[in-house]
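Below you'll find the structure, written out as structure tokens, and then a few comments.
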Amino acid sequence: MSPDPAPALPLPLRVLVKGASTVNWVSFMGGPRDDFIFARVVEEQLLASGRPVDLRTSTMTSERSSTILRTWQAEVLGFSPDVIVLVYGHYETIHLFLPRWLEVHANSLKARPTRSSALYRRLVLRPVWKALAQAQARLDTVLDPTLRRGRPRQVAADLRTYIDHVQKVGSPLVYVFELLPPGTRFQSWFPGMTRRIEVMNRTLERMVADIGLDHVRYFRVADLVDRHAGGEVDVAIPDGFHYSPEMHRHIGTALAADIQSWAATQTHLRTIA
């Protein structure tokens, strides 16, 4: 008599997290190994609930929404994620006019440790960048900070096209993140950024509402700041831009709980008896 077959293992929940440094950076860096970014917290929480998970992140500092249409086929078609998390639009609100290539070059983490490179960065690049950033800050207090109104519309259009594409790959659950304004330490450098963030958030929320699908959701981060940081942005993002380890954990925990509720409605993710 043959033994009873072992019970089938449940399929792992596949999650793809995408975005710029608000995904991959902790405020402040250099802490212990368990200073997790929120994606790692999502993985931890789902595993702790007994649900297998295959989570991948695709993230780069200063990444713009325009990149996602170039990479979606390689990241989505074969992997076929159940859940996609999109954190985009933040970089497009930072600068009033300074070009991305110059900002990336001035703040690059890839500079070689040579004497000539160090001298160039200290004597030429950093002073030029600082002078231009100061000029931009002055203009940001005089000009309408939202005068480049095409930026939020283009971000929303990029994300909308991406969401339309990925819905053809099994209709995954998609989250579009609300963005936080800069902390106090950066408001003097980017005085118009708070208003640009407000416009970007309204545009992204409207885009999600226009799609009109329950499995395409706008994820509200400010509610978590109110609940866990007393509404203080400087507590949530101490370095002025990026989530603290505690805020990463709160975001990841809330996101994992919502994902878990959705996954419970998906027949392919249920344990087969």
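A note on labels: chains of the structure tokens are A, B, ... as shown, every chain counts residues from 1, and ligands are counted from 1 in their shown order.
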Requested in this report: Please return as a VMD selection string: the residues of range 108-163 of chain A that backbone DSSP assigns to alpha helix (DSSP H).
Outcome: chain A and resid 115 to 120 126 to 140 150 to 163
Find the residues near Ser188 in chain A: any atom within 12 Å, counting only C-alpha atoms, skip ones fewer than 6 places away on the same chain, and give them as a tab-separated table (two decimals) with all heavy atoms, in the first residue's frame.
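Saved as result05.tsv:
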```
chain	number	residue	atom	x	y	z
A	133	ALA	N	22.42	75.38	-6.76
A	133	ALA	CA	21.33	75.01	-5.86
A	133	ALA	C	20.84	76.23	-5.07
A	133	ALA	O	19.64	76.39	-4.83
A	133	ALA	CB	21.78	73.91	-4.92
A	134	GLN	N	21.77	77.10	-4.65
A	134	GLN	CA	21.38	78.31	-3.93
A	134	GLN	C	20.58	79.25	-4.84
A	134	GLN	O	19.59	79.86	-4.40
A	134	GLN	CB	22.61	79.00	-3.38
A	134	GLN	CG	23.26	78.26	-2.22
A	134	GLN	CD	24.60	78.84	-1.82
A	134	GLN	OE1	25.31	79.45	-2.65
A	134	GLN	NE2	24.97	78.68	-0.56
A	135	ALA	N	21.00	79.36	-6.10
A	135	ALA	CA	20.26	80.20	-7.05
A	135	ALA	C	18.86	79.63	-7.27
A	135	ALA	O	17.88	80.38	-7.33
A	135	ALA	CB	21.02	80.28	-8.37
A	136	GLN	N	18.77	78.32	-7.39
A	136	GLN	CA	17.47	77.68	-7.56
A	136	GLN	C	16.57	77.93	-6.35
A	136	GLN	O	15.37	78.21	-6.50
A	136	GLN	CB	17.65	76.17	-7.76
A	136	GLN	CG	16.33	75.41	-7.83
A	136	GLN	CD	16.55	73.92	-8.01
A	136	GLN	OE1	16.26	73.40	-9.07
A	136	GLN	NE2	17.06	73.23	-7.00
A	137	ALA	N	17.14	77.85	-5.14
A	137	ALA	CA	16.36	78.07	-3.93
A	137	ALA	C	15.79	79.49	-3.89
A	137	ALA	O	14.64	79.70	-3.49
A	137	ALA	CB	17.22	77.81	-2.69
A	138	ARG	N	16.59	80.46	-4.33
A	138	ARG	CA	16.10	81.85	-4.36
A	138	ARG	C	14.96	81.99	-5.35
A	138	ARG	O	13.94	82.63	-5.06
A	138	ARG	CB	17.25	82.81	-4.69
A	138	ARG	CG	18.27	82.98	-3.57
A	138	ARG	CD	19.19	84.15	-3.83
A	138	ARG	NE	20.05	83.91	-4.98
A	138	ARG	CZ	21.25	83.31	-4.92
A	138	ARG	NH1	21.71	82.89	-3.75
A	138	ARG	NH2	21.97	83.14	-6.00
A	139	LEU	N	15.09	81.40	-6.52
A	139	LEU	CA	14.03	81.47	-7.53
A	139	LEU	C	12.78	80.74	-7.05
A	139	LEU	O	11.66	81.14	-7.37
A	139	LEU	CB	14.52	80.86	-8.84
A	139	LEU	CG	15.47	81.71	-9.67
A	139	LEU	CD1	15.97	80.92	-10.87
A	139	LEU	CD2	14.79	83.00	-10.13
A	140	ASP	N	12.99	79.68	-6.27
A	140	ASP	CA	11.86	78.89	-5.79
A	140	ASP	C	10.97	79.67	-4.83
A	140	ASP	O	9.84	79.27	-4.58
A	140	ASP	CB	12.39	77.62	-5.11
A	140	ASP	CG	11.54	76.39	-5.41
A	140	ASP	OD1	10.53	76.55	-6.12
A	140	ASP	OD2	11.88	75.30	-4.95
A	141	THR	N	11.50	80.75	-4.28
A	141	THR	CA	10.69	81.60	-3.39
A	141	THR	C	10.00	82.73	-4.15
A	141	THR	O	9.13	83.40	-3.60
A	141	THR	CB	11.56	82.21	-2.28
A	141	THR	OG1	12.55	83.09	-2.86
A	141	THR	CG2	12.26	81.14	-1.46
A	182	PRO	N	9.27	67.40	2.11
A	182	PRO	CA	10.60	67.35	2.71
A	182	PRO	C	10.56	67.78	4.18
A	182	PRO	O	9.69	68.53	4.60
A	182	PRO	CB	11.40	68.35	1.87
A	182	PRO	CG	10.37	69.32	1.38
A	182	PRO	CD	9.14	68.48	1.13
A	194	THR	N	7.35	71.42	-1.15
A	194	THR	CA	6.14	70.99	-0.44
A	194	THR	C	4.90	71.18	-1.32
A	194	THR	O	4.04	70.29	-1.40
A	194	THR	CB	5.98	71.77	0.88
A	194	THR	OG1	7.07	71.44	1.74
A	194	THR	CG2	4.68	71.41	1.58
A	240	GLY	N	15.33	64.34	6.32
A	240	GLY	CA	14.65	65.30	5.45
A	240	GLY	C	13.97	64.70	4.25
A	240	GLY	O	13.10	65.33	3.64
```
Requested in this report: Find the spatial neighbours of Ala209 in chain A, counting only C-alpha atoms, within a cut-off of 9 Å - ignore same-chain residues fewer than 6 positions away - and output them as a PyMOL selection string.
Outcome: chain A and resi 216-218
Show me, as CSV, the residues of range 19-55 of chain A having an atom within 9 Å of range 250-268 of chain A, each with the closest atom pair and its distance in Å, using only C-alpha atoms.
```
residue,atom,partner,partner_atom,distance
A:Ile37,CA,A:Gly252,CA,7.9
A:Phe38,CA,A:Gly252,CA,4.3
A:Ala39,CA,A:Gly252,CA,6.3
A:Arg40,CA,A:Gly252,CA,7.6
A:Val41,CA,A:Gly252,CA,4.9
A:Val42,CA,A:Gly252,CA,4.8
A:Glu43,CA,A:Ala256,CA,7.8
A:Glu44,CA,A:Ala256,CA,8.9
A:Gln45,CA,A:Ala256,CA,6.3
A:Leu46,CA,A:Ala256,CA,6.3
A:Ser49,CA,A:Gln260,CA,8.7
A:Arg51,CA,A:Gln260,CA,8.4
```
Produce a file of the selected residues containing C-alpha atoms, as a PDB file, in the first residue's frame.
```
ATOM      1  CA  ILE A  37      13.557  48.973   4.461  1.00  0.00           C
ATOM      2  CA  PHE A  38       9.788  48.559   4.244  1.00  0.00           C
ATOM      3  CA  ALA A  39      10.051  45.930   1.491  1.00  0.00           C
ATOM      4  CA  ARG A  40      12.048  43.687   3.834  1.00  0.00           C
ATOM      5  CA  VAL A  41       9.459  44.306   6.564  1.00  0.00           C
ATOM      6  CA  VAL A  42       6.706  43.186   4.178  1.00  0.00           C
ATOM      7  CA  GLU A  43       8.661  39.983   3.540  1.00  0.00           C
ATOM      8  CA  GLU A  44       9.216  39.463   7.266  1.00  0.00           C
ATOM      9  CA  GLN A  45       5.565  40.049   8.165  1.00  0.00           C
ATOM     10  CA  LEU A  46       4.187  37.767   5.465  1.00  0.00           C
ATOM     11  CA  SER A  49       1.994  34.997   9.213  1.00  0.00           C
ATOM     12  CA  ARG A  51       2.534  32.792   4.061  1.00  0.00           C
TER      13      ARG A  51
END
```
Report task. Within range 35-265 of chain A, find each residue whose DSSP state, derived from the backbone, is strand (DSSP E), and express the selection as a PyMOL selection string. Result -> chain A and resi 53-59+83-87+173-177+216-219
Report task. Name the closest residue to Thr67 in chain A among the candidates A:Ala20, A:Ile84, A:Asp164, A:Asp34; distances are taken between atoms, counting only C-alpha atoms. Result ->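 Smallest separation from Thr67 in chain A among the options: A:Ala20.
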Give me the range 76-193 of chain A side of the contact with range 221-238 of chain A, cut-off 10 Å, one line per residue showing its nearest atom pair and distance in Å at one decimal, counting only C-alpha atoms, sorted by chain and residue number, as a Markdown table.
```
| residue | atom | partner | partner_atom | distance |
| --- | --- | --- | --- | --- |
| A:Phe177 | CA | A:Val221 | CA | 7.1 |
| A:Glu178 | CA | A:Val221 | CA | 5.7 |
| A:Leu179 | CA | A:Val221 | CA | 7.0 |
| A:Leu180 | CA | A:Ala222 | CA | 6.9 |
| A:Pro181 | CA | A:Val233 | CA | 7.7 |
| A:Pro182 | CA | A:Val233 | CA | 7.8 |
| A:Gly183 | CA | A:Asp234 | CA | 5.2 |
| A:Thr184 | CA | A:Asp234 | CA | 6.7 |
| A:Arg185 | CA | A:Asp234 | CA | 8.6 |
```
Can you tell me which residues surround Glu92 in chain A at a distance of at most 9 Å, considering only C-alpha atoms, apart from same-chain residues fewer than 6 positions away, and format the answer as a short mmCIF file (atom, residue, chain, number, x, y, z; two decimals) with N, CA and C atoms, in the first residue's frame?
```
data_model
loop_
_atom_site.label_atom_id
_atom_site.label_comp_id
_atom_site.auth_asym_id
_atom_site.auth_seq_id
_atom_site.Cartn_x
_atom_site.Cartn_y
_atom_site.Cartn_z
N SER A 62 17.47 58.45 -7.10
CA SER A 62 17.16 59.47 -8.12
C SER A 62 16.46 58.88 -9.34
N ARG A 64 13.55 58.12 -11.89
CA ARG A 64 12.35 58.80 -12.33
C ARG A 64 11.33 57.81 -12.87
N SER A 65 10.09 58.25 -12.97
CA SER A 65 9.03 57.36 -13.43
C SER A 65 9.24 56.94 -14.88
N ARG A 151 5.15 68.08 -15.24
CA ARG A 151 5.85 67.00 -14.53
C ARG A 151 4.89 66.03 -13.85
N PRO A 152 3.99 66.49 -12.97
CA PRO A 152 3.09 65.51 -12.33
C PRO A 152 2.20 64.80 -13.32
N VAL A 155 4.35 62.04 -14.85
CA VAL A 155 4.55 60.93 -13.91
C VAL A 155 3.29 60.07 -13.86
N ARG A 196 4.92 71.32 -4.59
CA ARG A 196 5.01 70.40 -5.72
C ARG A 196 4.58 68.99 -5.30
N MET A 200 1.65 66.72 -6.89
CA MET A 200 1.96 65.36 -7.34
C MET A 200 1.02 64.35 -6.68
#
```
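Between CA of Ser80 in chain A and CA of Arg206 in chain A the interatomic distance comes to 26.4 Å.
One finds CA of Asp144 in chain A at 15.6 Å from CA of Trp189 in chain A.
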Query raised in the report: How many Å separate CA of Val83 in chain A from CA of Pro172 in chain A?
Result: 5.3 Å
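Candidate residues A:Gln187, A:Leu96, A:Arg122, A:Val104 were compared for distance to Val142 in chain A, and the nearest is A:Leu96, using only C-alpha atoms.
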Identify, on the basis of only C-alpha atoms, every residue whose closest approach to Thr146 in chain A does not exceed 9 Å; exclude the query and any residue fewer than 4 positions from it along the same chain; express the result as an mmCIF file with all heavy atoms, in the first residue's frame.
```cif
data_model
loop_
_atom_site.group_PDB
_atom_site.id
_atom_site.type_symbol
_atom_site.label_atom_id
_atom_site.label_comp_id
_atom_site.auth_asym_id
_atom_site.auth_seq_id
_atom_site.Cartn_x
_atom_site.Cartn_y
_atom_site.Cartn_z
ATOM 1 N N THR A 93 9.736 66.169 -8.011
ATOM 2 C CA THR A 93 9.289 67.356 -7.265
ATOM 3 C C THR A 93 10.440 68.111 -6.610
ATOM 4 O O THR A 93 10.223 69.183 -6.049
ATOM 5 C CB THR A 93 8.295 66.956 -6.153
ATOM 6 O OG1 THR A 93 8.983 66.184 -5.159
ATOM 7 C CG2 THR A 93 7.130 66.172 -6.711
ATOM 8 N N LEU A 96 13.456 72.715 -9.154
ATOM 9 C CA LEU A 96 12.671 73.601 -9.998
ATOM 10 C C LEU A 96 13.208 73.592 -11.423
ATOM 11 O O LEU A 96 12.439 73.517 -12.385
ATOM 12 C CB LEU A 96 12.698 75.030 -9.449
ATOM 13 C CG LEU A 96 11.882 76.074 -10.203
ATOM 14 C CD1 LEU A 96 10.403 75.746 -10.110
ATOM 15 C CD2 LEU A 96 12.155 77.470 -9.643
ATOM 16 N N GLY A 192 9.970 75.335 -2.618
ATOM 17 C CA GLY A 192 8.724 75.066 -3.332
ATOM 18 C C GLY A 192 8.354 73.599 -3.406
ATOM 19 O O GLY A 192 7.310 73.249 -3.957
ATOM 20 N N MET A 193 9.186 72.746 -2.817
ATOM 21 C CA MET A 193 8.964 71.305 -2.976
ATOM 22 C C MET A 193 7.684 70.833 -2.293
ATOM 23 O O MET A 193 6.997 69.948 -2.799
ATOM 24 C CB MET A 193 10.165 70.528 -2.444
ATOM 25 C CG MET A 193 10.078 69.044 -2.707
ATOM 26 S SD MET A 193 11.548 68.155 -2.116
ATOM 27 C CE MET A 193 11.001 66.462 -2.369
ATOM 28 N N ARG A 195 4.823 72.313 -1.990
ATOM 29 C CA ARG A 195 3.675 72.541 -2.879
ATOM 30 C C ARG A 195 3.711 71.605 -4.077
ATOM 31 O O ARG A 195 2.666 71.132 -4.547
ATOM 32 C CB ARG A 195 3.638 73.997 -3.342
ATOM 33 C CG ARG A 195 3.092 74.959 -2.277
ATOM 34 C CD ARG A 195 2.875 76.331 -2.841
ATOM 35 N NE ARG A 195 1.952 76.338 -3.971
ATOM 36 C CZ ARG A 195 1.820 77.342 -4.831
ATOM 37 N NH1 ARG A 195 2.570 78.432 -4.684
ATOM 38 N NH2 ARG A 195 0.972 77.266 -5.824
ATOM 39 N N ARG A 196 4.916 71.317 -4.586
ATOM 40 C CA ARG A 196 5.012 70.395 -5.719
ATOM 41 C C ARG A 196 4.583 68.986 -5.303
ATOM 42 O O ARG A 196 3.959 68.264 -6.084
ATOM 43 C CB ARG A 196 6.434 70.397 -6.280
ATOM 44 C CG ARG A 196 6.786 71.678 -7.035
ATOM 45 C CD ARG A 196 8.072 71.560 -7.809
ATOM 46 N NE ARG A 196 9.265 71.577 -6.981
ATOM 47 C CZ ARG A 196 9.909 72.674 -6.596
ATOM 48 N NH1 ARG A 196 9.443 73.875 -6.935
ATOM 49 N NH2 ARG A 196 11.009 72.595 -5.874
ATOM 50 N N VAL A 199 0.773 68.819 -5.267
ATOM 51 C CA VAL A 199 0.228 68.671 -6.618
ATOM 52 C C VAL A 199 0.453 67.250 -7.128
ATOM 53 O O VAL A 199 -0.443 66.634 -7.729
ATOM 54 C CB VAL A 199 0.859 69.703 -7.573
ATOM 55 C CG1 VAL A 199 0.415 69.444 -9.011
ATOM 56 C CG2 VAL A 199 0.478 71.118 -7.153
#
```
Query raised in the report: Using only C-alpha atoms, which residue out of A:Lys110, A:His248, A:His165, A:His105 lies closest to Arg70 in chain A?
Result: A:His165
